[in-house]
Structure formats: C-alpha cells, structure tokens
>>> print(open('start32.pdb').read())   # PDB, C-alpha atoms, pLDDT in the B column
ATOM      1  CA  MET W   1     -45.075 -10.633  16.290  1.00 87.00           C
ATOM      2  CA  LYS W   2     -43.615 -10.545  19.822  1.00 94.00           C
ATOM      3  CA  ARG W   3     -46.755  -8.987  21.328  1.00 96.00           C
ATOM      4  CA  LEU W   4     -48.998 -11.536  19.595  1.00 96.00           C
ATOM      5  CA  PHE W   5     -46.783 -14.365  20.854  1.00 96.00           C
ATOM      6  CA  ASP W   6     -46.969 -12.915  24.391  1.00 97.00           C
ATOM      7  CA  LEU W   7     -50.767 -12.675  24.272  1.00 97.00           C
ATOM      8  CA  VAL W   8     -51.318 -16.178  22.915  1.00 96.00           C
ATOM      9  CA  LEU W   9     -48.855 -17.777  25.342  1.00 96.00           C
ATOM     10  CA  ALA W  10     -50.190 -15.792  28.330  1.00 97.00           C
ATOM     11  CA  VAL W  11     -53.798 -16.783  27.592  1.00 97.00           C
ATOM     12  CA  TRP W  12     -52.820 -20.423  27.105  1.00 97.00           C
ATOM     13  CA  ALA W  13     -50.692 -20.443  30.290  1.00 95.00           C
ATOM     14  CA  GLY W  14     -53.430 -18.652  32.235  1.00 94.00           C
ATOM     15  CA  ILE W  15     -55.984 -21.287  31.305  1.00 96.00           C
ATOM     16  CA  PHE W  16     -53.575 -24.146  31.989  1.00 95.00           C
ATOM     17  CA  LEU W  17     -52.471 -22.682  35.351  1.00 95.00           C
ATOM     18  CA  LEU W  18     -55.871 -21.498  36.620  1.00 95.00           C
ATOM     19  CA  MET W  19     -56.333 -24.288  39.189  1.00 96.00           C
ATOM     20  CA  PRO W  20     -52.721 -24.152  40.483  1.00 94.00           C
ATOM     21  CA  VAL W  21     -53.043 -20.351  40.802  1.00 95.00           C
ATOM     22  CA  LEU W  22     -56.174 -20.697  42.914  1.00 96.00           C
ATOM     23  CA  LEU W  23     -54.530 -23.346  45.116  1.00 97.00           C
ATOM     24  CA  LEU W  24     -51.363 -21.270  45.553  1.00 97.00           C
ATOM     25  CA  ALA W  25     -53.398 -18.176  46.435  1.00 97.00           C
ATOM     26  CA  LEU W  26     -55.270 -20.189  49.049  1.00 97.00           C
ATOM     27  CA  ALA W  27     -52.003 -21.597  50.431  1.00 97.00           C
ATOM     28  CA  VAL W  28     -50.515 -18.104  50.779  1.00 97.00           C
ATOM     29  CA  ARG W  29     -53.627 -16.853  52.579  1.00 96.00           C
ATOM     30  CA  LEU W  30     -53.790 -19.839  54.927  1.00 96.00           C
ATOM     31  CA  THR W  31     -50.109 -19.718  55.941  1.00 95.00           C
ATOM     32  CA  SER W  32     -49.661 -16.014  56.648  1.00 94.00           C
ATOM     33  CA  LYS W  33     -51.664 -12.884  57.294  1.00 94.00           C
ATOM     34  CA  GLY W  34     -52.278 -10.507  54.436  1.00 94.00           C
ATOM     35  CA  PRO W  35     -53.309 -10.769  50.780  1.00 96.00           C
ATOM     36  CA  ALA W  36     -52.228 -13.588  48.461  1.00 97.00           C
ATOM     37  CA  LEU W  37     -50.744 -11.137  45.966  1.00 97.00           C
ATOM     38  CA  TYR W  38     -48.122  -8.488  46.462  1.00 95.00           C
ATOM     39  CA  TRP W  39     -48.292  -5.615  43.974  1.00 96.00           C
ATOM     40  CA  SER W  40     -44.780  -4.304  43.491  1.00 93.00           C
ATOM     41  CA  ASP W  41     -43.944  -0.927  41.940  1.00 95.00           C
ATOM     42  CA  ARG W  42     -41.623  -1.781  39.053  1.00 97.00           C
ATOM     43  CA  VAL W  43     -39.864   0.110  36.295  1.00 97.00           C
ATOM     44  CA  GLY W  44     -41.244  -0.638  32.862  1.00 97.00           C
ATOM     45  CA  ARG W  45     -40.472   0.441  29.332  1.00 97.00           C
ATOM     46  CA  ASN W  46     -39.039   3.974  29.155  1.00 98.00           C
ATOM     47  CA  ASN W  47     -38.728   3.967  32.970  1.00 97.00           C
ATOM     48  CA  VAL W  48     -42.493   4.213  33.506  1.00 97.00           C
ATOM     49  CA  ILE W  49     -43.622   2.736  36.841  1.00 97.00           C
ATOM     50  CA  PHE W  50     -46.225  -0.045  36.766  1.00 98.00           C
ATOM     51  CA  LYS W  51     -47.717  -2.418  39.340  1.00 98.00           C
ATOM     52  CA  MET W  52     -46.451  -5.995  38.994  1.00 97.00           C
ATOM     53  CA  PRO W  53     -48.225  -8.815  40.880  1.00 98.00           C
ATOM     54  CA  LYS W  54     -46.443 -11.722  42.554  1.00 96.00           C
ATOM     55  CA  PHE W  55     -47.589 -14.261  45.071  1.00 97.00           C
ATOM     56  CA  ARG W  56     -46.615 -12.818  48.426  1.00 95.00           C
ATOM     57  CA  THR W  57     -43.536 -14.630  49.771  1.00 94.00           C
ATOM     58  CA  MET W  58     -42.585 -12.134  52.484  1.00 92.00           C
ATOM     59  CA  GLN W  59     -44.370 -11.025  55.643  1.00 92.00           C
ATOM     60  CA  VAL W  60     -46.613  -7.962  55.272  1.00 90.00           C
ATOM     61  CA  GLU W  61     -44.295  -5.718  57.350  1.00 87.00           C
ATOM     62  CA  THR W  62     -41.173  -6.435  55.226  1.00 85.00           C
ATOM     63  CA  PRO W  63     -39.314  -3.258  54.110  1.00 81.00           C
ATOM     64  CA  VAL W  64     -39.715  -2.451  50.395  1.00 78.00           C
ATOM     65  CA  LEU W  65     -36.172  -3.285  49.281  1.00 74.00           C
ATOM     66  CA  ALA W  66     -34.517  -5.694  46.908  1.00 73.00           C
ATOM     67  CA  THR W  67     -34.170  -8.965  48.821  1.00 75.00           C
ATOM     68  CA  HIS W  68     -30.369  -8.880  48.706  1.00 72.00           C
ATOM     69  CA  LEU W  69     -30.434  -5.541  50.575  1.00 73.00           C
ATOM     70  CA  LEU W  70     -32.296  -6.966  53.586  1.00 78.00           C
ATOM     71  CA  SER W  71     -30.004  -7.806  56.509  1.00 81.00           C
ATOM     72  CA  ASN W  72     -31.689 -11.190  57.075  1.00 84.00           C
ATOM     73  CA  PRO W  73     -34.100 -11.938  54.214  1.00 80.00           C
ATOM     74  CA  GLY W  74     -34.970 -15.398  55.533  1.00 82.00           C
ATOM     75  CA  ALA W  75     -36.494 -13.841  58.649  1.00 85.00           C
ATOM     76  CA  TYR W  76     -39.141 -12.132  56.511  1.00 87.00           C
ATOM     77  CA  LEU W  77     -40.200 -15.191  54.480  1.00 92.00           C
ATOM     78  CA  THR W  78     -43.687 -16.584  54.923  1.00 94.00           C
ATOM     79  CA  PRO W  79     -43.913 -20.312  55.755  1.00 94.00           C
ATOM     80  CA  ILE W  80     -44.224 -21.174  52.046  1.00 95.00           C
ATOM     81  CA  GLY W  81     -42.298 -18.165  50.708  1.00 94.00           C
ATOM     82  CA  GLY W  82     -39.014 -20.018  50.278  1.00 91.00           C
ATOM     83  CA  PHE W  83     -40.719 -22.777  48.306  1.00 93.00           C
ATOM     84  CA  LEU W  84     -42.572 -20.291  46.099  1.00 94.00           C
ATOM     85  CA  ARG W  85     -39.341 -18.424  45.315  1.00 90.00           C
ATOM     86  CA  LYS W  86     -37.153 -21.484  44.716  1.00 87.00           C
ATOM     87  CA  SER W  87     -39.786 -22.984  42.417  1.00 87.00           C
ATOM     88  CA  SER W  88     -40.480 -19.578  40.770  1.00 88.00           C
ATOM     89  CA  LEU W  89     -44.197 -20.166  41.360  1.00 93.00           C
ATOM     90  CA  ASP W  90     -44.395 -16.685  42.914  1.00 95.00           C
ATOM     91  CA  GLU W  91     -43.922 -15.290  39.384  1.00 94.00           C
ATOM     92  CA  ILE W  92     -47.085 -16.811  37.864  1.00 96.00           C
ATOM     93  CA  PRO W  93     -49.312 -13.753  38.539  1.00 97.00           C
ATOM     94  CA  GLN W  94     -47.040 -11.748  36.227  1.00 97.00           C
ATOM     95  CA  LEU W  95     -49.026 -13.295  33.384  1.00 97.00           C
ATOM     96  CA  TRP W  96     -51.447 -10.450  34.185  1.00 97.00           C
ATOM     97  CA  SER W  97     -48.725  -7.885  33.445  1.00 98.00           C
ATOM     98  CA  ILE W  98     -47.964  -9.661  30.171  1.00 98.00           C
ATOM     99  CA  LEU W  99     -51.639  -9.589  29.161  1.00 97.00           C
ATOM    100  CA  LYS W 100     -51.794  -5.852  29.992  1.00 97.00           C
ATOM    101  CA  GLY W 101     -48.663  -5.159  27.938  1.00 97.00           C
ATOM    102  CA  ASP W 102     -46.573  -3.925  30.887  1.00 98.00           C
ATOM    103  CA  MET W 103     -44.341  -6.952  30.465  1.00 98.00           C
ATOM    104  CA  SER W 104     -43.289  -9.521  27.895  1.00 98.00           C
ATOM    105  CA  PHE W 105     -42.248 -13.127  28.390  1.00 97.00           C
ATOM    106  CA  VAL W 106     -38.657 -12.155  27.512  1.00 98.00           C
ATOM    107  CA  GLY W 107     -36.852  -8.917  28.323  1.00 97.00           C
ATOM    108  CA  PRO W 108     -34.832  -7.470  31.171  1.00 96.00           C
ATOM    109  CA  ARG W 109     -36.394  -8.214  34.567  1.00 95.00           C
ATOM    110  CA  PRO W 110     -38.264  -5.121  35.774  1.00 96.00           C
ATOM    111  CA  ALA W 111     -36.296  -3.206  38.386  1.00 94.00           C
ATOM    112  CA  LEU W 112     -37.841  -2.160  41.673  1.00 91.00           C
ATOM    113  CA  PHE W 113     -38.785   1.519  41.627  1.00 92.00           C
ATOM    114  CA  ASN W 114     -35.981   2.265  44.119  1.00 90.00           C
ATOM    115  CA  GLN W 115     -33.132   0.374  42.420  1.00 91.00           C
ATOM    116  CA  ASN W 116     -31.628   3.617  41.169  1.00 93.00           C
ATOM    117  CA  ASP W 117     -28.215   2.159  40.337  1.00 94.00           C
ATOM    118  CA  LEU W 118     -29.793  -0.447  38.043  1.00 95.00           C
ATOM    119  CA  ILE W 119     -32.195   2.064  36.468  1.00 96.00           C
ATOM    120  CA  VAL W 120     -29.412   4.573  35.696  1.00 97.00           C
ATOM    121  CA  LEU W 121     -27.128   1.959  34.123  1.00 97.00           C
ATOM    122  CA  ARG W 122     -29.945   0.497  32.024  1.00 97.00           C
ATOM    123  CA  THR W 123     -30.926   3.966  30.821  1.00 97.00           C
ATOM    124  CA  GLN W 124     -27.316   4.738  29.835  1.00 97.00           C
ATOM    125  CA  CYS W 125     -27.221   1.540  27.734  1.00 96.00           C
ATOM    126  CA  GLY W 126     -30.660   2.062  26.132  1.00 97.00           C
ATOM    127  CA  VAL W 127     -32.090  -1.031  27.860  1.00 97.00           C
ATOM    128  CA  HIS W 128     -34.899   1.111  29.325  1.00 97.00           C
ATOM    129  CA  GLU W 129     -36.482   1.134  25.848  1.00 97.00           C
ATOM    130  CA  LEU W 130     -37.269  -2.594  26.116  1.00 97.00           C
ATOM    131  CA  VAL W 131     -40.463  -4.010  27.589  1.00 98.00           C
ATOM    132  CA  PRO W 132     -39.372  -5.847  30.750  1.00 98.00           C
ATOM    133  CA  GLY W 133     -39.738  -9.602  30.845  1.00 97.00           C
ATOM    134  CA  LEU W 134     -40.765 -12.506  33.000  1.00 96.00           C
ATOM    135  CA  THR W 135     -37.338 -13.883  32.112  1.00 95.00           C
ATOM    136  CA  GLY W 136     -34.375 -12.574  30.214  1.00 96.00           C
ATOM    137  CA  TRP W 137     -30.840 -13.084  28.982  1.00 96.00           C
ATOM    138  CA  ALA W 138     -29.407 -12.068  32.378  1.00 93.00           C
ATOM    139  CA  GLN W 139     -31.673 -14.568  34.179  1.00 90.00           C
ATOM    140  CA  ILE W 140     -30.342 -17.537  32.237  1.00 92.00           C
ATOM    141  CA  ASN W 141     -26.773 -16.317  32.652  1.00 91.00           C
ATOM    142  CA  GLY W 142     -26.666 -15.955  36.407  1.00 84.00           C
ATOM    143  CA  ARG W 143     -30.043 -14.789  37.708  1.00 72.00           C
ATOM    144  CA  ASP W 144     -29.804 -13.732  41.369  1.00 69.00           C
ATOM    145  CA  GLU W 145     -26.039 -14.243  41.527  1.00 78.00           C
ATOM    146  CA  LEU W 146     -25.173 -11.422  39.092  1.00 87.00           C
ATOM    147  CA  LEU W 147     -23.816  -8.072  40.169  1.00 91.00           C
ATOM    148  CA  ILE W 148     -25.763  -5.123  38.756  1.00 93.00           C
ATOM    149  CA  PRO W 149     -23.109  -4.054  36.168  1.00 95.00           C
ATOM    150  CA  GLU W 150     -22.964  -7.633  34.846  1.00 95.00           C
ATOM    151  CA  LYS W 151     -26.753  -7.820  34.705  1.00 94.00           C
ATOM    152  CA  VAL W 152     -26.908  -4.572  32.706  1.00 96.00           C
ATOM    153  CA  LYS W 153     -24.160  -5.797  30.363  1.00 97.00           C
ATOM    154  CA  LEU W 154     -26.232  -8.896  29.607  1.00 96.00           C
ATOM    155  CA  ASP W 155     -29.407  -6.803  29.222  1.00 97.00           C
ATOM    156  CA  ALA W 156     -27.559  -4.582  26.705  1.00 97.00           C
ATOM    157  CA  GLU W 157     -26.342  -7.682  24.874  1.00 97.00           C
ATOM    158  CA  TYR W 158     -29.958  -8.850  24.598  1.00 97.00           C
ATOM    159  CA  LEU W 159     -30.967  -5.420  23.257  1.00 97.00           C
ATOM    160  CA  LYS W 160     -28.425  -5.788  20.428  1.00 97.00           C
ATOM    161  CA  LYS W 161     -29.182  -9.428  19.603  1.00 97.00           C
ATOM    162  CA  LYS W 162     -32.932  -9.644  20.278  1.00 96.00           C
ATOM    163  CA  SER W 163     -34.899 -11.877  17.950  1.00 96.00           C
ATOM    164  CA  PHE W 164     -37.799 -14.295  18.106  1.00 96.00           C
ATOM    165  CA  ARG W 165     -35.341 -17.193  17.938  1.00 96.00           C
ATOM    166  CA  LEU W 166     -33.316 -15.816  20.865  1.00 97.00           C
ATOM    167  CA  ASP W 167     -36.542 -15.314  22.849  1.00 97.00           C
ATOM    168  CA  LEU W 168     -37.496 -18.975  22.301  1.00 96.00           C
ATOM    169  CA  LYS W 169     -34.010 -20.059  23.384  1.00 97.00           C
ATOM    170  CA  ILE W 170     -34.311 -17.941  26.562  1.00 96.00           C
ATOM    171  CA  ILE W 171     -37.756 -19.383  27.362  1.00 95.00           C
ATOM    172  CA  ILE W 172     -36.484 -22.964  26.959  1.00 95.00           C
ATOM    173  CA  LEU W 173     -33.329 -22.320  29.005  1.00 94.00           C
ATOM    174  CA  THR W 174     -35.410 -20.600  31.690  1.00 91.00           C
ATOM    175  CA  ALA W 175     -37.682 -23.640  31.954  1.00 89.00           C
ATOM    176  CA  ILE W 176     -34.628 -25.861  32.393  1.00 90.00           C
ATOM    177  CA  LYS W 177     -33.155 -23.577  35.082  1.00 85.00           C
ATOM    178  CA  VAL W 178     -36.468 -23.375  36.948  1.00 82.00           C
ATOM    179  CA  ILE W 179     -36.837 -27.161  36.902  1.00 82.00           C
ATOM    180  CA  GLN W 180     -33.255 -27.507  38.173  1.00 81.00           C
ATOM    181  CA  ARG W 181     -33.807 -24.631  40.656  1.00 69.00           C
ATOM    182  CA  ASP W 182     -30.531 -23.170  39.417  1.00 64.00           C
ATOM    183  CA  SER W 183     -29.189 -19.811  40.714  1.00 53.00           C
ATOM    184  CA  VAL W 184     -32.232 -18.887  42.762  1.00 49.00           C
ATOM    185  CA  SER W 185     -31.828 -17.178  46.106  1.00 48.00           C
ATOM    186  CA  HIS W 186     -34.469 -17.152  48.824  1.00 43.00           C
TER
END
>>> encode(input="start32.pdb", output="structure tokens")
Amino acid sequence: MKRLFDLVLAVWAGIFLLMPVLLLALAVRLTSKGPALYWSDRVGRNNVIFKMPKFRTMQVETPVLATHLLSNPGAYLTPIGGFLRKSSLDEIPQLWSILKGDMSFVGPRPALFNQNDLIVLRTQCGVHELVPGLTGWAQINGRDELLIPEKVKLDAEYLKKKSFRLDLKIIILTAIKVIQRDSVSH
C-alpha cells in the first residue's frame, strides 16, 4: 500500500511540478556555474548507498559534509541557494528517488554516506531497515535543529508507530512547516 501511494503521489506531483522544476533548474544554471542538480551519496534501506538528486544550492567546490559541519555554510551558498533551502524547493528532484524506490515520501531522512554517527545509531535501533523519506517524524519535530541522538530517537519512534494514517499526518504537518518555513537552516 505504501509503495503504491508513493508511486501515485510521485507521478501526480511530477506532472504538477514539471514547469516549476524546469524553471528552477534554469535559475540554478543561470546564477552559478555547474549543473542544476547535485547527486548526493546517501544511505538507504539496510545501509545501501544510493544517489539522491537535489537542486544544487552550494557552490561546486563545497566540501562534501553535512551543512552543519561547515565552518561558514553561508559562504558556500549559490545566489539562490538560501531561497531554495528555506522554501525546500531544492528537495523536489527527490521525486525521482521515490519513483525508483530508493526513497518514500515518509521515513527517516537519508543520511549522508559519511555521517557515521547517525548511521551507527540508526542501525542499533533498527531504523536502517526503513526506506528513507522525503520527510519524516524527526523533520516535523525539529528538523535541522535536532541533535543526532534526538533525531534517531524520533526515527525509532516512527519505526514502532508507522502506519498509513501516521504517514498522512506527517505529510500534512510537513506541508504546514514548509509553508511557515519553520526550523529550516540555510
């Protein structure tokens, strides 16, 4: 049921967002050098690495680290990178990962391949068995402001309570948070 829901919603969203995606890709290309998309190595279900696309919000030469680990993340942003991140528009290309089955609409956010502390804690709690999501229980309960142990605790809570109803609640609450631009760092 969850996979069917993901496919139907991803196809519908892809059709609805086709023109904005093309315009955003053009805007990224026109405001900074490099490709419109950034393909990030992420940790998927059972800790398998997959390539996750995002609109590129950082300069091409930015070190491959979680943003919070950069000494001055703002210095690496492209001219429209801050806007794309705050509006969460940089996430739209992840519909591709949902269509492929690497991601779901709801699940723990996929860790970067080098976020070993997060990967180890998720594996210890069994969270690694979940398909990662575009949004998740941790995202609506703190998003970028959460410390890794808190994030994993919320991911484990989702693992225990997961249901279609909870997924719908998370999707609705995510939409509200995105509209309010709540708890998003740049």
>>> resolve_selection(input="start32.pdb", expression="the PyMOL selection byres ((chain W and resi 59) around 12)", output="VMD selection string")
chain W and resid 28 to 29 31 to 38 55 to 58 60 to 64 73 to 82
>>> residues_around(input="start32.pdb", residues="range 159-165 of chain W", least_positions_apart="4", cutoff="7 Å", atoms="all atoms listed in the file", output="PyMOL selection string")
chain W and resi 127+155+169
>>> write_last_selection(input="start32.pdb", atoms="C-alpha atoms", output="short mmCIF file (atom, residue, chain, number, x, y, z; two decimals), in the coordinates of the input")
data_model
loop_
_atom_site.label_atom_id
_atom_site.label_comp_id
_atom_site.auth_asym_id
_atom_site.auth_seq_id
_atom_site.Cartn_x
_atom_site.Cartn_y
_atom_site.Cartn_z
CA VAL W 127 -32.09 -1.03 27.86
CA ASP W 155 -29.41 -6.80 29.22
CA LYS W 169 -34.01 -20.06 23.38
#
>>> residues_around(input="start32.pdb", residues="Ser40 in chain W", least_positions_apart="3", cutoff="9 Å", atoms="all atoms listed in the file", output="PyMOL selection string")
chain W and resi 50-54+64+112-113
>>> resolve_selection(input="start32.pdb", expression="the PyMOL selection byres ((chain W and resi 156) around 10)", output="ChimeraX atom specification")
/W:108,121-122,124-128,130,137-138,150-155,157-162
>>> atom_distance(input="start32.pdb", atom1="CA of Thr67 in chain W", atom2="CA of Leu22 in chain W")
25.6 Å
>>> resolve_selection(input="start32.pdb", expression="the PyMOL selection byres ((chain W and resi 115) around 10)", output="JSON, numbers by chain")
{"W": [42, 43, 65, 66, 111, 112, 113, 114, 116, 117, 118, 119, 120, 148]}
>>> atom_distance(input="start32.pdb", atom1="CA of Ala25 in chain W", atom2="CA of Leu99 in chain W")
19.4 Å
>>> closest_residue(input="start32.pdb", among="W:Leu69, W:Ile140, W:Ala27, W:Ala10", to="Lys100 in chain W", atoms="all atoms listed in the file")
W:Ala10
>>> atom_distance(input="start32.pdb", atom1="CA of Trp12 in chain W", atom2="CA of Phe105 in chain W")
12.9 Å
>>> closest_residue(input="start32.pdb", among="W:Met1, W:Leu24, W:Pro110, W:Pro149", to="Phe83 in chain W", atoms="all atoms listed in the file")
W:Leu24
>>> closest_residue(input="start32.pdb", among="W:Leu147, W:Ile170, W:Leu30, W:Leu23", to="His68 in chain W", atoms="all atoms listed in the file")
W:Leu147
>>> residues_around(input="start32.pdb", residues="Gly44 in chain W", least_positions_apart="2", cutoff="7 Å", atoms="all atoms listed in the file", output="VMD selection string")
chain W and resid 42 46 to 50 102 110 131 to 132
>>> write_last_selection(input="start32.pdb", atoms="C-alpha atoms", output="tab-separated table (two decimals), in the frame of the given file")
chain	number	residue	atom	x	y	z
W	42	ARG	CA	-41.62	-1.78	39.05
W	46	ASN	CA	-39.04	3.97	29.16
W	47	ASN	CA	-38.73	3.97	32.97
W	48	VAL	CA	-42.49	4.21	33.51
W	49	ILE	CA	-43.62	2.74	36.84
W	50	PHE	CA	-46.22	-0.04	36.77
W	102	ASP	CA	-46.57	-3.92	30.89
W	110	PRO	CA	-38.26	-5.12	35.77
W	131	VAL	CA	-40.46	-4.01	27.59
W	132	PRO	CA	-39.37	-5.85	30.75
>>> build_atoms(input="start32.pdb", residues="range 109-123 of chain W", atoms="N, CA and C atoms", output="mmCIF file, in the coordinates of the input")
data_model
loop_
_atom_site.group_PDB
_atom_site.id
_atom_site.type_symbol
_atom_site.label_atom_id
_atom_site.label_comp_id
_atom_site.auth_asym_id
_atom_site.auth_seq_id
_atom_site.Cartn_x
_atom_site.Cartn_y
_atom_site.Cartn_z
ATOM 1 N N ARG W 109 -35.478 -8.166 33.422
ATOM 2 C CA ARG W 109 -36.394 -8.214 34.567
ATOM 3 C C ARG W 109 -36.678 -6.802 35.041
ATOM 4 N N PRO W 110 -37.934 -6.482 35.354
ATOM 5 C CA PRO W 110 -38.264 -5.121 35.774
ATOM 6 C C PRO W 110 -37.630 -4.783 37.122
ATOM 7 N N ALA W 111 -36.942 -3.665 37.150
ATOM 8 C CA ALA W 111 -36.296 -3.206 38.386
ATOM 9 C C ALA W 111 -37.351 -2.715 39.371
ATOM 10 N N LEU W 112 -37.025 -2.818 40.656
ATOM 11 C CA LEU W 112 -37.841 -2.160 41.673
ATOM 12 C C LEU W 112 -37.737 -0.657 41.462
ATOM 13 N N PHE W 113 -38.762 0.068 41.822
ATOM 14 C CA PHE W 113 -38.785 1.519 41.627
ATOM 15 C C PHE W 113 -37.614 2.222 42.319
ATOM 16 N N ASN W 114 -37.050 1.609 43.353
ATOM 17 C CA ASN W 114 -35.981 2.265 44.119
ATOM 18 C C ASN W 114 -34.590 1.685 43.841
ATOM 19 N N GLN W 115 -34.446 0.895 42.801
ATOM 20 C CA GLN W 115 -33.132 0.374 42.420
ATOM 21 C C GLN W 115 -32.454 1.361 41.462
ATOM 22 N N ASN W 116 -32.134 2.520 41.995
ATOM 23 C CA ASN W 116 -31.628 3.617 41.169
ATOM 24 C C ASN W 116 -30.360 3.269 40.408
ATOM 25 N N ASP W 117 -29.448 2.520 41.023
ATOM 26 C CA ASP W 117 -28.215 2.159 40.337
ATOM 27 C C ASP W 117 -28.500 1.337 39.083
ATOM 28 N N LEU W 118 -29.410 0.380 39.183
ATOM 29 C CA LEU W 118 -29.793 -0.447 38.043
ATOM 30 C C LEU W 118 -30.514 0.379 36.983
ATOM 31 N N ILE W 119 -31.420 1.230 37.399
ATOM 32 C CA ILE W 119 -32.195 2.064 36.468
ATOM 33 C C ILE W 119 -31.272 2.992 35.680
ATOM 34 N N VAL W 120 -30.338 3.640 36.357
ATOM 35 C CA VAL W 120 -29.412 4.573 35.696
ATOM 36 C C VAL W 120 -28.553 3.841 34.676
ATOM 37 N N LEU W 121 -27.977 2.705 35.053
ATOM 38 C CA LEU W 121 -27.128 1.959 34.123
ATOM 39 C C LEU W 121 -27.913 1.450 32.918
ATOM 40 N N ARG W 122 -29.127 0.962 33.151
ATOM 41 C CA ARG W 122 -29.945 0.497 32.024
ATOM 42 C C ARG W 122 -30.300 1.644 31.090
ATOM 43 N N THR W 123 -30.588 2.807 31.644
ATOM 44 C CA THR W 123 -30.926 3.966 30.821
ATOM 45 C C THR W 123 -29.721 4.380 29.976
#
